[in-house]
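Student: The structure file protein_8.txt (compact mmCIF, C-alpha atoms) is provided below.
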```
# COMPACT_ATOMS: atom_id res chain seq x y z
CA MET A 1 -44.01 -189.44 -20.33
CA ALA A 2 -41.53 -190.37 -22.97
CA SER A 3 -41.20 -193.77 -21.40
CA ARG A 4 -45.01 -194.36 -21.42
CA SER A 5 -45.31 -193.24 -25.10
CA LEU A 6 -42.51 -195.54 -26.07
CA ARG A 7 -44.21 -198.46 -24.32
CA ARG A 8 -47.53 -197.70 -26.12
CA ARG A 9 -45.82 -197.65 -29.54
CA VAL A 10 -44.05 -200.91 -28.79
CA GLU A 11 -47.35 -202.54 -27.70
CA GLN A 12 -49.18 -201.23 -30.80
CA ASN A 13 -46.44 -202.54 -33.10
CA ALA A 14 -46.53 -205.92 -31.36
CA ARG A 15 -50.32 -206.14 -31.79
CA GLY A 16 -49.99 -205.23 -35.49
CA ILE A 17 -47.33 -207.85 -36.04
CA ALA A 18 -49.50 -210.43 -34.26
CA ARG A 19 -52.52 -209.54 -36.44
CA ARG A 20 -50.40 -209.81 -39.63
CA ALA A 21 -48.95 -213.11 -38.45
CA THR A 22 -52.43 -214.46 -37.72
CA PHE A 23 -53.69 -213.34 -41.16
CA SER A 24 -50.65 -214.85 -42.89
CA ALA A 25 -51.05 -218.14 -41.03
CA GLY A 26 -54.74 -218.26 -41.97
CA LEU A 27 -53.93 -217.52 -45.60
CA VAL A 28 -51.31 -220.26 -45.67
CA GLY A 29 -53.73 -222.68 -44.01
CA LEU A 30 -56.47 -221.80 -46.49
CA THR A 31 -54.08 -222.25 -49.41
CA CYS A 32 -52.92 -225.64 -48.10
CA ALA A 33 -56.50 -226.71 -47.56
CA PHE A 34 -57.39 -225.68 -51.12
CA ILE A 35 -54.42 -227.54 -52.55
CA GLY A 36 -55.26 -230.59 -50.48
CA THR A 37 -58.86 -230.49 -51.69
CA ALA A 38 -57.76 -230.12 -55.29
CA HIS A 39 -55.47 -233.12 -54.97
CA ALA A 40 -58.24 -235.13 -53.32
CA GLN A 41 -60.60 -234.39 -56.23
CA THR A 42 -58.15 -235.09 -59.05
CA SER A 43 -56.25 -238.28 -59.92
CA VAL A 44 -54.00 -239.50 -62.72
CA THR A 45 -52.95 -243.16 -62.92
CA LEU A 46 -50.19 -244.71 -65.01
CA TYR A 47 -50.93 -248.36 -65.86
CA GLY A 48 -49.82 -251.03 -68.27
CA VAL A 49 -49.18 -254.62 -69.29
CA MET A 50 -46.01 -256.36 -70.45
CA ASP A 51 -46.41 -259.82 -72.02
CA VAL A 52 -43.39 -261.57 -73.55
CA GLY A 53 -42.76 -265.23 -74.39
CA LEU A 54 -41.80 -267.84 -76.95
CA ASN A 55 -44.12 -268.53 -79.86
CA TYR A 56 -43.88 -271.60 -82.12
CA ARG A 57 -46.09 -272.11 -85.18
CA THR A 58 -46.20 -274.64 -87.96
CA ALA A 59 -47.22 -273.41 -91.43
CA ALA A 60 -46.08 -269.95 -90.35
CA GLY A 61 -44.79 -269.02 -93.80
CA ALA A 62 -43.13 -270.37 -96.93
CA SER A 63 -39.58 -271.69 -97.42
CA ASP A 64 -38.56 -273.03 -100.84
CA GLY A 65 -42.21 -272.95 -101.84
CA LYS A 66 -43.31 -275.15 -98.95
CA ALA A 67 -45.03 -274.45 -95.64
CA ALA A 68 -42.45 -273.91 -92.90
CA SER A 69 -42.46 -273.53 -89.11
CA ALA A 70 -41.23 -270.54 -87.11
CA LEU A 71 -39.99 -269.99 -83.56
CA SER A 72 -39.83 -266.45 -82.20
CA LEU A 73 -39.72 -264.33 -79.08
CA ALA A 74 -43.07 -262.61 -79.23
CA SER A 75 -44.85 -259.79 -77.45
CA GLY A 76 -48.50 -260.22 -76.58
CA ASN A 77 -49.02 -263.98 -76.76
CA GLU A 78 -52.03 -263.60 -74.47
CA LEU A 79 -52.43 -259.87 -73.83
CA THR A 80 -51.15 -256.99 -75.94
CA SER A 81 -48.33 -255.12 -74.21
CA ARG A 82 -49.43 -251.54 -73.54
CA TRP A 83 -49.16 -248.49 -71.31
CA GLY A 84 -51.69 -245.81 -70.57
CA LEU A 85 -52.84 -242.84 -68.51
CA LEU A 86 -56.22 -242.74 -66.78
CA GLY A 87 -57.42 -239.57 -65.09
CA SER A 88 -60.47 -238.05 -63.44
CA GLU A 89 -61.48 -234.73 -61.90
CA ASP A 90 -64.46 -234.35 -59.56
CA ILE A 91 -66.33 -231.19 -60.57
CA GLY A 92 -69.16 -231.60 -58.07
CA ASP A 93 -72.83 -232.60 -58.19
CA GLY A 94 -71.82 -236.23 -58.78
CA MET A 95 -70.02 -235.41 -62.03
CA LYS A 96 -66.46 -236.20 -63.07
CA ILE A 97 -64.35 -235.29 -66.07
CA THR A 98 -62.44 -238.37 -67.21
CA PHE A 99 -59.79 -239.12 -69.80
CA LYS A 100 -57.89 -242.19 -71.00
CA LEU A 101 -54.87 -242.54 -73.29
CA GLU A 102 -53.48 -245.95 -74.25
CA SER A 103 -50.60 -246.99 -76.50
CA GLY A 104 -49.45 -250.46 -77.53
CA PHE A 105 -45.79 -251.43 -77.80
CA SER A 106 -43.51 -254.42 -78.24
CA PRO A 107 -41.10 -255.19 -75.38
CA THR A 108 -39.07 -257.40 -77.74
CA THR A 109 -38.05 -254.37 -79.82
CA GLY A 110 -39.09 -251.37 -77.74
CA GLY A 111 -41.10 -250.06 -80.68
CA GLY A 112 -44.65 -248.75 -80.64
CA ASN A 113 -47.63 -250.33 -82.39
CA PHE A 114 -48.06 -247.55 -84.90
CA GLY A 115 -49.48 -249.65 -87.76
CA VAL A 116 -53.12 -248.80 -87.16
CA PRO A 117 -55.58 -249.03 -90.08
CA PHE A 118 -55.37 -246.98 -93.25
CA PRO A 119 -53.03 -244.18 -94.30
CA ASN A 120 -54.82 -241.40 -92.45
CA ASP A 121 -54.45 -243.24 -89.12
CA THR A 122 -50.88 -244.52 -89.23
CA ASN A 123 -48.22 -243.40 -86.74
CA ALA A 124 -50.82 -242.80 -84.03
CA LEU A 125 -49.17 -242.46 -80.63
CA PHE A 126 -52.28 -243.63 -78.78
CA ASP A 127 -53.35 -246.40 -81.14
CA ARG A 128 -55.36 -248.16 -78.42
CA GLY A 129 -57.61 -245.24 -77.61
CA ALA A 130 -57.69 -241.54 -76.72
CA VAL A 131 -60.88 -240.23 -75.10
CA ILE A 132 -62.17 -237.48 -72.85
CA GLY A 133 -65.63 -237.34 -71.36
CA VAL A 134 -68.07 -236.85 -68.50
CA THR A 135 -69.24 -239.40 -65.94
CA SER A 136 -72.40 -238.81 -63.90
CA ALA A 137 -75.39 -240.57 -62.39
CA TRP A 138 -76.98 -240.81 -65.84
CA GLY A 139 -74.02 -242.55 -67.45
CA LYS A 140 -70.84 -241.71 -69.29
CA VAL A 141 -70.14 -239.82 -72.53
CA LEU A 142 -66.72 -240.25 -74.18
CA LEU A 143 -65.34 -238.43 -77.23
CA GLY A 144 -62.31 -239.40 -79.35
CA ARG A 145 -60.88 -242.77 -80.44
CA ASN A 146 -63.22 -245.08 -78.53
CA TRP A 147 -63.42 -248.79 -77.86
CA SER A 148 -66.44 -249.90 -79.89
CA PRO A 149 -69.54 -251.15 -78.05
CA PHE A 150 -69.31 -254.21 -80.34
CA PHE A 151 -65.97 -255.00 -78.69
CA ASP A 152 -67.53 -254.47 -75.25
CA GLY A 153 -70.21 -257.02 -76.12
CA ILE A 154 -68.18 -259.73 -77.86
CA SER A 155 -65.32 -259.63 -75.34
CA ALA A 156 -67.81 -260.15 -72.51
CA GLY A 157 -68.93 -263.34 -74.27
CA ASP A 158 -65.43 -264.89 -74.01
CA VAL A 159 -65.18 -266.49 -70.56
CA THR A 160 -61.46 -267.27 -71.00
CA GLY A 161 -60.59 -263.58 -71.23
CA PHE A 162 -60.68 -262.62 -74.93
CA MET A 163 -56.95 -263.26 -75.21
CA ASN A 164 -54.83 -262.95 -78.33
CA PHE A 165 -53.98 -266.65 -78.38
CA GLY A 166 -56.64 -268.97 -79.78
CA SER A 167 -59.82 -267.40 -78.41
CA LEU A 168 -62.92 -265.60 -79.66
CA ALA A 169 -60.61 -262.67 -80.49
CA ASN A 170 -59.42 -264.70 -83.50
CA SER A 171 -62.83 -264.20 -85.10
CA VAL A 172 -62.47 -260.41 -84.89
CA PHE A 173 -58.96 -260.26 -86.38
CA GLN A 174 -59.25 -263.07 -88.94
CA ASN A 175 -62.71 -262.77 -90.47
CA SER A 176 -63.04 -261.99 -94.19
CA SER A 177 -65.34 -258.95 -94.02
CA ASN A 178 -62.53 -256.44 -94.67
CA ILE A 179 -60.94 -258.40 -97.53
CA ASN A 180 -61.24 -256.99 -101.04
CA PRO A 181 -61.10 -259.96 -103.48
CA LYS A 182 -59.93 -257.68 -106.31
CA LEU A 183 -56.61 -257.15 -104.51
CA GLY A 184 -55.81 -260.86 -104.45
CA LEU A 185 -53.48 -262.43 -101.92
CA ALA A 186 -51.35 -259.29 -101.54
CA GLY A 187 -54.36 -257.42 -100.18
CA ILE A 188 -54.95 -260.12 -97.58
CA VAL A 189 -51.39 -260.22 -96.27
CA SER A 190 -51.15 -256.51 -95.46
CA GLY A 191 -52.62 -253.12 -96.23
CA ALA A 192 -55.93 -251.38 -95.73
CA ASN A 193 -58.01 -254.46 -96.57
CA SER A 194 -56.15 -257.06 -94.52
CA PRO A 195 -58.11 -259.01 -91.88
CA THR A 196 -55.94 -257.51 -89.12
CA ASN A 197 -56.84 -253.95 -90.12
CA GLY A 198 -60.48 -254.97 -90.27
CA GLY A 199 -60.20 -256.33 -86.74
CA LEU A 200 -58.70 -253.07 -85.51
CA LEU A 201 -61.62 -251.17 -87.05
CA TYR A 202 -64.09 -253.41 -85.20
CA THR A 203 -62.21 -252.70 -81.96
CA TRP A 204 -61.50 -248.93 -82.04
CA VAL A 205 -63.42 -246.17 -83.80
CA ASN A 206 -61.96 -242.75 -84.63
CA ASN A 207 -63.90 -239.45 -84.47
CA SER A 208 -66.58 -241.05 -82.32
CA VAL A 209 -69.02 -240.19 -79.54
CA LYS A 210 -69.87 -243.03 -77.15
CA TYR A 211 -72.57 -243.21 -74.45
CA MET A 212 -72.38 -245.87 -71.72
CA LEU A 213 -75.05 -246.83 -69.18
CA PRO A 214 -74.36 -246.16 -65.48
CA ASP A 215 -72.73 -248.98 -63.56
CA ASN A 216 -75.03 -251.47 -61.79
CA THR A 217 -78.18 -250.56 -63.71
CA TYR A 218 -80.20 -253.57 -62.51
CA GLY A 219 -77.49 -255.86 -63.87
CA PHE A 220 -77.40 -254.19 -67.29
CA SER A 221 -74.40 -252.59 -68.97
CA GLY A 222 -73.92 -251.33 -72.49
CA GLY A 223 -73.79 -248.35 -74.74
CA ALA A 224 -74.05 -246.83 -78.20
CA LEU A 225 -71.54 -245.12 -80.49
CA TYR A 226 -71.60 -242.97 -83.59
CA SER A 227 -68.56 -241.97 -85.63
CA PHE A 228 -68.61 -238.86 -87.80
CA GLY A 229 -67.03 -239.40 -91.19
CA GLY A 230 -66.16 -235.72 -91.55
CA THR A 231 -66.53 -235.67 -95.36
CA ALA A 232 -67.92 -232.48 -96.88
CA GLY A 233 -71.22 -233.06 -98.65
CA SER A 234 -71.83 -236.54 -97.16
CA PHE A 235 -72.75 -237.43 -93.61
CA SER A 236 -72.68 -241.15 -94.43
CA ASN A 237 -69.14 -241.30 -95.88
CA LYS A 238 -66.91 -243.29 -93.44
CA ALA A 239 -69.67 -243.18 -90.79
CA THR A 240 -69.82 -245.93 -88.14
CA ARG A 241 -72.55 -247.09 -85.76
CA SER A 242 -72.17 -249.60 -82.93
CA ALA A 243 -74.08 -250.71 -79.81
CA ASN A 244 -74.14 -253.40 -77.14
CA LEU A 245 -76.25 -254.54 -74.19
CA ASN A 246 -75.10 -257.02 -71.53
CA TRP A 247 -76.79 -258.36 -68.40
CA THR A 248 -75.67 -260.46 -65.43
CA ASN A 249 -76.93 -261.47 -62.01
CA GLY A 250 -73.52 -262.70 -60.91
CA SER A 251 -73.88 -266.30 -62.13
CA LEU A 252 -75.84 -266.07 -65.38
CA GLY A 253 -74.82 -263.58 -68.04
CA PHE A 254 -75.96 -262.48 -71.50
CA SER A 255 -73.97 -260.35 -73.93
CA SER A 256 -74.60 -258.79 -77.32
CA GLY A 257 -72.81 -256.51 -79.75
CA TYR A 258 -73.60 -254.78 -83.06
CA PHE A 259 -71.37 -253.01 -85.60
CA ASP A 260 -72.22 -251.20 -88.84
CA ALA A 261 -69.60 -249.19 -90.78
CA ASN A 262 -69.51 -247.73 -94.27
CA ASP A 263 -66.45 -248.05 -96.51
CA PRO A 264 -63.64 -247.00 -94.12
CA THR A 265 -61.35 -245.92 -96.97
CA GLY A 266 -63.78 -243.13 -97.91
CA ALA A 267 -63.62 -244.08 -101.60
CA THR A 268 -67.36 -244.85 -101.48
CA SER A 269 -70.23 -244.55 -99.01
CA GLU A 270 -71.25 -248.18 -99.43
CA PRO A 271 -71.85 -250.51 -96.47
CA TRP A 272 -68.66 -252.40 -95.64
CA LEU A 273 -68.12 -253.87 -92.17
CA ARG A 274 -71.14 -255.56 -90.62
CA ALA A 275 -71.13 -257.72 -87.48
CA TYR A 276 -73.17 -258.80 -84.49
CA SER A 277 -72.65 -261.23 -81.63
CA LEU A 278 -74.81 -262.96 -79.02
CA GLY A 279 -73.44 -264.77 -75.99
CA VAL A 280 -74.44 -266.53 -72.77
CA SER A 281 -72.30 -267.56 -69.82
CA TYR A 282 -72.79 -269.35 -66.51
CA ILE A 283 -70.66 -269.73 -63.38
CA ILE A 284 -70.75 -272.86 -61.19
CA GLY A 285 -68.28 -272.56 -58.33
CA PRO A 286 -64.76 -272.14 -59.77
CA VAL A 287 -65.88 -273.00 -63.33
CA LYS A 288 -67.17 -270.48 -65.87
CA THR A 289 -68.56 -271.65 -69.21
CA GLY A 290 -69.80 -269.59 -72.13
CA PHE A 291 -71.15 -269.86 -75.67
CA ASP A 292 -71.05 -267.12 -78.28
CA PHE A 293 -72.25 -266.71 -81.86
CA ALA A 294 -70.73 -264.00 -84.09
CA LYS A 295 -71.49 -263.08 -87.70
CA TYR A 296 -69.31 -260.92 -89.98
CA ARG A 297 -70.50 -259.65 -93.36
CA ASN A 298 -69.54 -257.28 -96.15
CA PRO A 299 -72.49 -256.58 -98.49
CA THR A 300 -70.10 -255.04 -101.03
CA THR A 301 -67.93 -258.15 -101.48
CA GLY A 302 -70.40 -260.83 -100.40
CA ALA A 303 -68.24 -261.95 -97.43
CA ASN A 304 -70.40 -263.85 -94.93
CA GLN A 305 -68.92 -265.82 -92.03
CA ASN A 306 -70.43 -267.36 -88.89
CA TYR A 307 -68.33 -268.19 -85.81
CA TYR A 308 -69.55 -270.54 -83.07
CA TYR A 309 -67.52 -270.40 -79.88
CA LEU A 310 -67.48 -272.46 -76.67
CA GLY A 311 -65.09 -271.68 -73.82
CA THR A 312 -64.43 -272.82 -70.25
CA ALA A 313 -62.24 -271.37 -67.50
CA TRP A 314 -61.50 -273.35 -64.30
CA GLN A 315 -59.91 -271.56 -61.35
CA ILE A 316 -58.44 -274.68 -59.75
CA THR A 317 -56.75 -272.80 -56.88
CA PRO A 318 -55.99 -269.13 -56.29
CA SER A 319 -52.67 -269.77 -58.10
CA TRP A 320 -53.69 -272.16 -60.91
CA ARG A 321 -56.13 -271.57 -63.77
CA MET A 322 -56.96 -273.72 -66.82
CA THR A 323 -58.80 -272.66 -69.98
CA ALA A 324 -60.20 -274.51 -72.98
CA ASP A 325 -61.62 -273.04 -76.22
CA TRP A 326 -63.32 -274.37 -79.34
CA MET A 327 -64.37 -272.25 -82.30
CA HIS A 328 -66.04 -273.35 -85.54
CA LEU A 329 -65.88 -271.14 -88.64
CA GLN A 330 -68.69 -271.51 -91.17
CA ASP A 331 -67.98 -269.59 -94.39
CA LEU A 332 -71.27 -269.04 -96.25
CA GLN A 333 -69.59 -267.44 -99.27
CA THR A 334 -66.85 -270.08 -99.74
CA SER A 335 -67.67 -273.34 -97.96
CA ALA A 336 -64.13 -274.63 -98.54
CA ALA A 337 -62.81 -271.80 -96.32
CA GLY A 338 -64.34 -273.28 -93.14
CA ALA A 339 -62.21 -274.27 -90.15
CA ASP A 340 -62.13 -275.37 -86.51
CA LEU A 341 -59.87 -274.04 -83.76
CA TYR A 342 -59.00 -275.85 -80.51
CA LYS A 343 -57.00 -274.41 -77.61
CA ALA A 344 -55.97 -275.36 -74.08
CA GLY A 345 -54.09 -273.11 -71.67
CA VAL A 346 -52.63 -273.08 -68.16
CA GLN A 347 -51.83 -270.00 -66.06
CA TYR A 348 -49.88 -269.84 -62.81
CA PHE A 349 -50.19 -266.62 -60.79
CA LEU A 350 -46.92 -265.77 -59.09
CA SER A 351 -48.64 -262.76 -57.53
CA LYS A 352 -51.59 -260.47 -58.16
CA ARG A 353 -49.53 -258.75 -60.86
CA THR A 354 -47.37 -261.44 -62.47
CA THR A 355 -48.43 -264.60 -64.32
CA LEU A 356 -46.68 -267.48 -66.07
CA TYR A 357 -48.64 -269.09 -68.91
CA THR A 358 -48.57 -271.86 -71.52
CA ASP A 359 -51.04 -272.21 -74.40
CA VAL A 360 -51.40 -274.85 -77.12
CA ALA A 361 -53.74 -274.33 -80.09
CA TYR A 362 -54.55 -276.24 -83.26
CA SER A 363 -56.52 -275.04 -86.27
CA LYS A 364 -57.97 -277.52 -88.74
CA ASN A 365 -58.59 -275.81 -92.09
CA LYS A 366 -60.51 -276.93 -95.14
CA ALA A 367 -58.94 -276.63 -98.60
CA LYS A 368 -59.20 -272.82 -98.69
CA GLY A 369 -59.16 -272.19 -94.95
CA MET A 370 -56.93 -269.45 -93.49
CA LEU A 371 -57.72 -269.62 -89.77
CA GLY A 372 -54.54 -269.28 -87.69
CA ALA A 373 -54.20 -271.12 -84.40
CA GLY A 374 -52.07 -268.77 -82.32
CA SER A 375 -52.29 -265.07 -81.61
CA ASP A 376 -55.05 -263.21 -83.40
CA THR A 377 -52.75 -261.82 -86.09
CA SER A 378 -51.24 -265.21 -87.03
CA VAL A 379 -53.23 -265.62 -90.23
CA LEU A 380 -52.30 -268.23 -92.85
CA THR A 381 -51.90 -266.02 -95.91
CA SER A 382 -49.21 -267.40 -98.22
CA PRO A 383 -49.99 -269.79 -101.09
CA ALA A 384 -47.96 -272.44 -99.29
CA THR A 385 -49.97 -272.20 -96.06
CA ILE A 386 -53.58 -271.61 -97.17
CA GLY A 387 -55.57 -274.76 -96.51
CA HIS A 388 -52.96 -276.11 -94.08
CA ASN A 389 -53.61 -276.99 -90.48
CA GLN A 390 -51.57 -275.11 -87.89
CA LEU A 391 -50.14 -276.00 -84.49
CA ALA A 392 -49.22 -273.07 -82.24
CA ILE A 393 -47.53 -273.11 -78.83
CA GLY A 394 -46.98 -270.05 -76.66
CA ALA A 395 -45.28 -269.79 -73.26
CA GLY A 396 -44.25 -266.67 -71.43
CA ILE A 397 -44.57 -264.24 -68.55
CA ARG A 398 -46.91 -261.30 -68.06
CA THR A 399 -46.89 -258.52 -65.48
CA LEU A 400 -49.27 -255.67 -64.75
CA PHE A 401 -48.28 -252.25 -63.50
```
Could you rewrite the structure in this file as structure tokens?

Tutor:
Amino acid sequence: MASRSLRRRVEQNARGIARRATFSAGLVGLTCAFIGTAHAQTSVTLYGVMDVGLNYRTAAGASDGKAASALSLASGNELTSRWGLLGSEDIGDGMKITFKLESGFSPTTGGGNFGVPFPNDTNALFDRGAVIGVTSAWGKVLLGRNWSPFFDGISAGDVTGFMNFGSLANSVFQNSSNINPKLGLAGIVSGANSPTNGGLLYTWVNNSVKYMLPDNTYGFSGGALYSFGGTAGSFSNKATRSANLNWTNGSLGFSSGYFDANDPTGATSEPWLRAYSLGVSYIIGPVKTGFDFAKYRNPTTGANQNYYYLGTAWQITPSWRMTADWMHLQDLQTSAAGADLYKAGVQYFLSKRTTLYTDVAYSKNKAKGMLGAGSDTSVLTSPATIGHNQLAIGAGIRTLF
């Protein structure tokens, strides 16, 4: 009897242990499955660009009161060096939460690009954008420091890639709409009213909400943005509005962009930065050609400039690419500030990630012209260089990660 009772207790204990082991294994399996599902639905990507090369410019500054040339090791001859984080989380029903953080830097010094416009925005870690939003079948909504729809439109009109060196990007970062004539030359060279800061304002917009159409909407893409000024007692102070609409069928493309911002300093609520662009492009085999018109105005100062742009990109082989650009500046406020810009470039792709490049650009300025030939921040702004022509040569290496 004692032996049979002992056997029953041993069998009962064994069955209990087996049940607990089965439950524990199931719990572990369920936990692993949950973790695996969570990882499958969430992603974070680190990405970036590093672009470094030599940059030579005539009339780059003054020496002994005369225009002088400069040779430097430069970051961002063609593309601005940057790093960023891109993430998404699938929350079901075809909806995703997305975020993007991007920061510019200079590989030649290791420093960040913290000189974004105006005192309230300086020392920004993510100067090139910081947004969070929702993506669904009805489109995308992004909140934060957004790329402007105007940038989305005008960059699409540049068939050579909207690069820093001698392209349509020069119109954004060198137009006169942000210049305050009362500040004189010092206000043009640097500070809140410099052309470069104006170009940054056209490109990124703080405190903004942006809506973008769903991808592949019958060939259309585009969006609209509104920036809240955040000033007590005035909804219009520092407010910004922007929109764009593009269309393509694969060969033929149309692009457009619009920008409307009140005084970004907040000192007034007057209209300040005004711009729109219209572009058309066409692809024939390995050759893509495009034309774009852009206008920049400032009703407060009377600034009024038209830019006419023609570009061509020829993918000769999978490894070799050639580009050519021409841009004409028509200054309707000061006719003597007109200019023409010419550029030719060659790119050799060592791999899908790494490229060698060489670019040559030449700007022909009228007596008061200030259009730089090289990268989009190379503006002729000293008394010894205004009205001078400029030759710029850039050569370097770029890699993506």

Student: Set the distance at 7 Å and use all atoms listed in the file: which residues neighbour range 244-246 of chain A once local chain neighbours fewer than 2 positions away are removed? I'd like the list as a PDB file with C-alpha atoms, in the coordinates of the input.

Tutor:
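Wrote it out as selection_21.pdb, contents follow:
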```pdb
ATOM      1  CA  PRO A 149     -69.540-251.150 -78.050  1.00  0.00           C
ATOM      2  CA  PHE A 150     -69.310-254.210 -80.340  1.00  0.00           C
ATOM      3  CA  ASP A 152     -67.530-254.470 -75.250  1.00  0.00           C
ATOM      4  CA  GLY A 153     -70.210-257.020 -76.120  1.00  0.00           C
ATOM      5  CA  PHE A 220     -77.400-254.190 -67.290  1.00  0.00           C
ATOM      6  CA  SER A 221     -74.400-252.590 -68.970  1.00  0.00           C
ATOM      7  CA  GLY A 222     -73.920-251.330 -72.490  1.00  0.00           C
ATOM      8  CA  GLY A 223     -73.790-248.350 -74.740  1.00  0.00           C
ATOM      9  CA  ALA A 224     -74.050-246.830 -78.200  1.00  0.00           C
ATOM     10  CA  PHE A 254     -75.960-262.480 -71.500  1.00  0.00           C
ATOM     11  CA  SER A 255     -73.970-260.350 -73.930  1.00  0.00           C
ATOM     12  CA  SER A 256     -74.600-258.790 -77.320  1.00  0.00           C
ATOM     13  CA  GLY A 257     -72.810-256.510 -79.750  1.00  0.00           C
ATOM     14  CA  TYR A 258     -73.600-254.780 -83.060  1.00  0.00           C
TER      15      TYR A 258
END
```

Student: What is the distance, in Å and to one decimal place, between CA of Gln174 in chain A and CA of Leu252 in chain A?

Tutor: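 Result for CA of Gln174 in chain A versus CA of Leu252 in chain A: 29.0 Å, one decimal.
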
Student: Here's a test: counting only C-alpha atoms, identify every protein, DNA and RNA residue with an atom at most 9 Å from (-44.5, -273.1, -87.1) in the file's coordinate frame, and state them as number ranges by chain.

Tutor: A: 55-61, 67-71, 390-393

Student: Could you please determine the separation between CA of Leu101 in chain A and CA of Ala243 in chain A in Å, to one decimal place?

Tutor: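 According to the coordinates, CA of Leu101 in chain A and CA of Ala243 in chain A are separated by 21.9 Å.
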
Student: Could you give me, as a PyMOL selection string, the residues that sit within 6 Å of (-51.7, -248.4, -67.4) in the file's coordinates, counting only C-alpha atoms?

Tutor: chain A and resi 46-48+83-85

Student: With 8 Å on each side, where is the centre of the axis-aligned box around all listed atoms of range 259-269 of chain A, and how long are its edges in Å to one decimal, as JSON?

Tutor:
```
{"center_x": -66.8, "center_y": -248.1, "center_z": -93.6, "size_x": 26.9, "size_y": 25.9, "size_z": 32.0}
```

Student: With distances taken over only C-alpha atoms, which of A:Asp51, A:Asp340, A:Asp127, A:Glu102 is nearest to Ser75 in chain A?

Tutor: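 Smallest distance to Ser75 in chain A is found for A:Asp51.
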
Student: Can you tell me which residues surround Asp359 in chain A at a distance of at most 9 Å, considering only C-alpha atoms, apart from same-chain residues fewer than 5 positions away, and format the answer as a list in words?

Tutor: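 Returned residues: Asn77, Glu78, Phe165, Gly166, Thr323, Lys343, Ala344, Gly345, Val346, Gln347, Gly374, Ala392, Ile393, Gly394 and Ala395 of chain A.
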
Student: Considering all atoms listed in the file, can you say which of A:Tyr348, A:Phe173, A:Trp272, A:Trp147 comes closest to Leu225 in chain A?

Tutor: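 Of A:Tyr348, A:Phe173, A:Trp272, A:Trp147, the one nearest Leu225 in chain A, counting all atoms listed in the file, is A:Trp147.
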
Student: Which residues are close to Gly387 in chain A, i.e. within 10 Å by all atoms listed in the file, leaving aside same-chain residues fewer than 2 positions away? Reply as number ranges by chain.

Tutor: A: 59, 336-339, 364-371, 380-385, 389-390

Student: Okay, now the selection with C-alpha atoms, as a compact mmCIF listing (two decimals), in the coordinates of the input?

Tutor:
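Output below, filename selection05.txt:
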```
# COMPACT_ATOMS: atom_id res chain seq x y z
CA ALA A 59 -47.22 -273.41 -91.43
CA ALA A 336 -64.13 -274.63 -98.54
CA ALA A 337 -62.81 -271.80 -96.32
CA GLY A 338 -64.34 -273.28 -93.14
CA ALA A 339 -62.21 -274.27 -90.15
CA LYS A 364 -57.97 -277.52 -88.74
CA ASN A 365 -58.59 -275.81 -92.09
CA LYS A 366 -60.51 -276.93 -95.14
CA ALA A 367 -58.94 -276.63 -98.60
CA LYS A 368 -59.20 -272.82 -98.69
CA GLY A 369 -59.16 -272.19 -94.95
CA MET A 370 -56.93 -269.45 -93.49
CA LEU A 371 -57.72 -269.62 -89.77
CA LEU A 380 -52.30 -268.23 -92.85
CA THR A 381 -51.90 -266.02 -95.91
CA SER A 382 -49.21 -267.40 -98.22
CA PRO A 383 -49.99 -269.79 -101.09
CA ALA A 384 -47.96 -272.44 -99.29
CA THR A 385 -49.97 -272.20 -96.06
CA ASN A 389 -53.61 -276.99 -90.48
CA GLN A 390 -51.57 -275.11 -87.89
```

Student: From the set A:Asp260, A:Asp292, A:Asp158, A:Asp93, which residue has the shortest atom-to-atom contact distance to Ser242 in chain A, counting all atoms listed in the file?

Tutor: A:Asp260

Student: Which residues of range 275-342 of chain A sit at most 12 Å from range 193-206 of chain A, using all atoms listed in the file? Give each one's shortest atom pair and distance in Å (one decimal place), in chain and ascending residue order, as a Markdown table.

Tutor:
```
| residue | atom | partner | partner_atom | distance |
| --- | --- | --- | --- | --- |
| A:Ala275 | CA | A:Tyr202 | CA | 8.6 |
| A:Tyr276 | CA | A:Tyr202 | CA | 10.6 |
| A:Tyr296 | CA | A:Tyr202 | CA | 10.3 |
| A:Arg297 | CA | A:Gly198 | CA | 11.5 |
| A:Asn298 | CA | A:Gly198 | CA | 11.0 |
| A:Thr301 | CA | A:Asn193 | CA | 11.7 |
| A:Ala303 | CA | A:Pro195 | CA | 11.9 |
```

Student: With only C-alpha atoms counted and 6 Å as the cut-off, give the residues of range 172-281 of chain A in contact with range 140-143 of chain A, each with its shortest interatomic distance in Å and the pair that gives it, as CSV.

Tutor:
```
residue,atom,partner,partner_atom,distance
A:Ser208,CA,A:Leu143,CA,5.9
A:Val209,CA,A:Leu143,CA,4.7
A:Lys210,CA,A:Leu142,CA,5.1
A:Tyr211,CA,A:Val141,CA,4.6
A:Met212,CA,A:Lys140,CA,5.1
```

Student: Quote the spacing between CA of Gly161 in chain A and CA of Trp314 in chain A in Å to one decimal place.

Tutor: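 Interatomic distance here is 12.0 Å.
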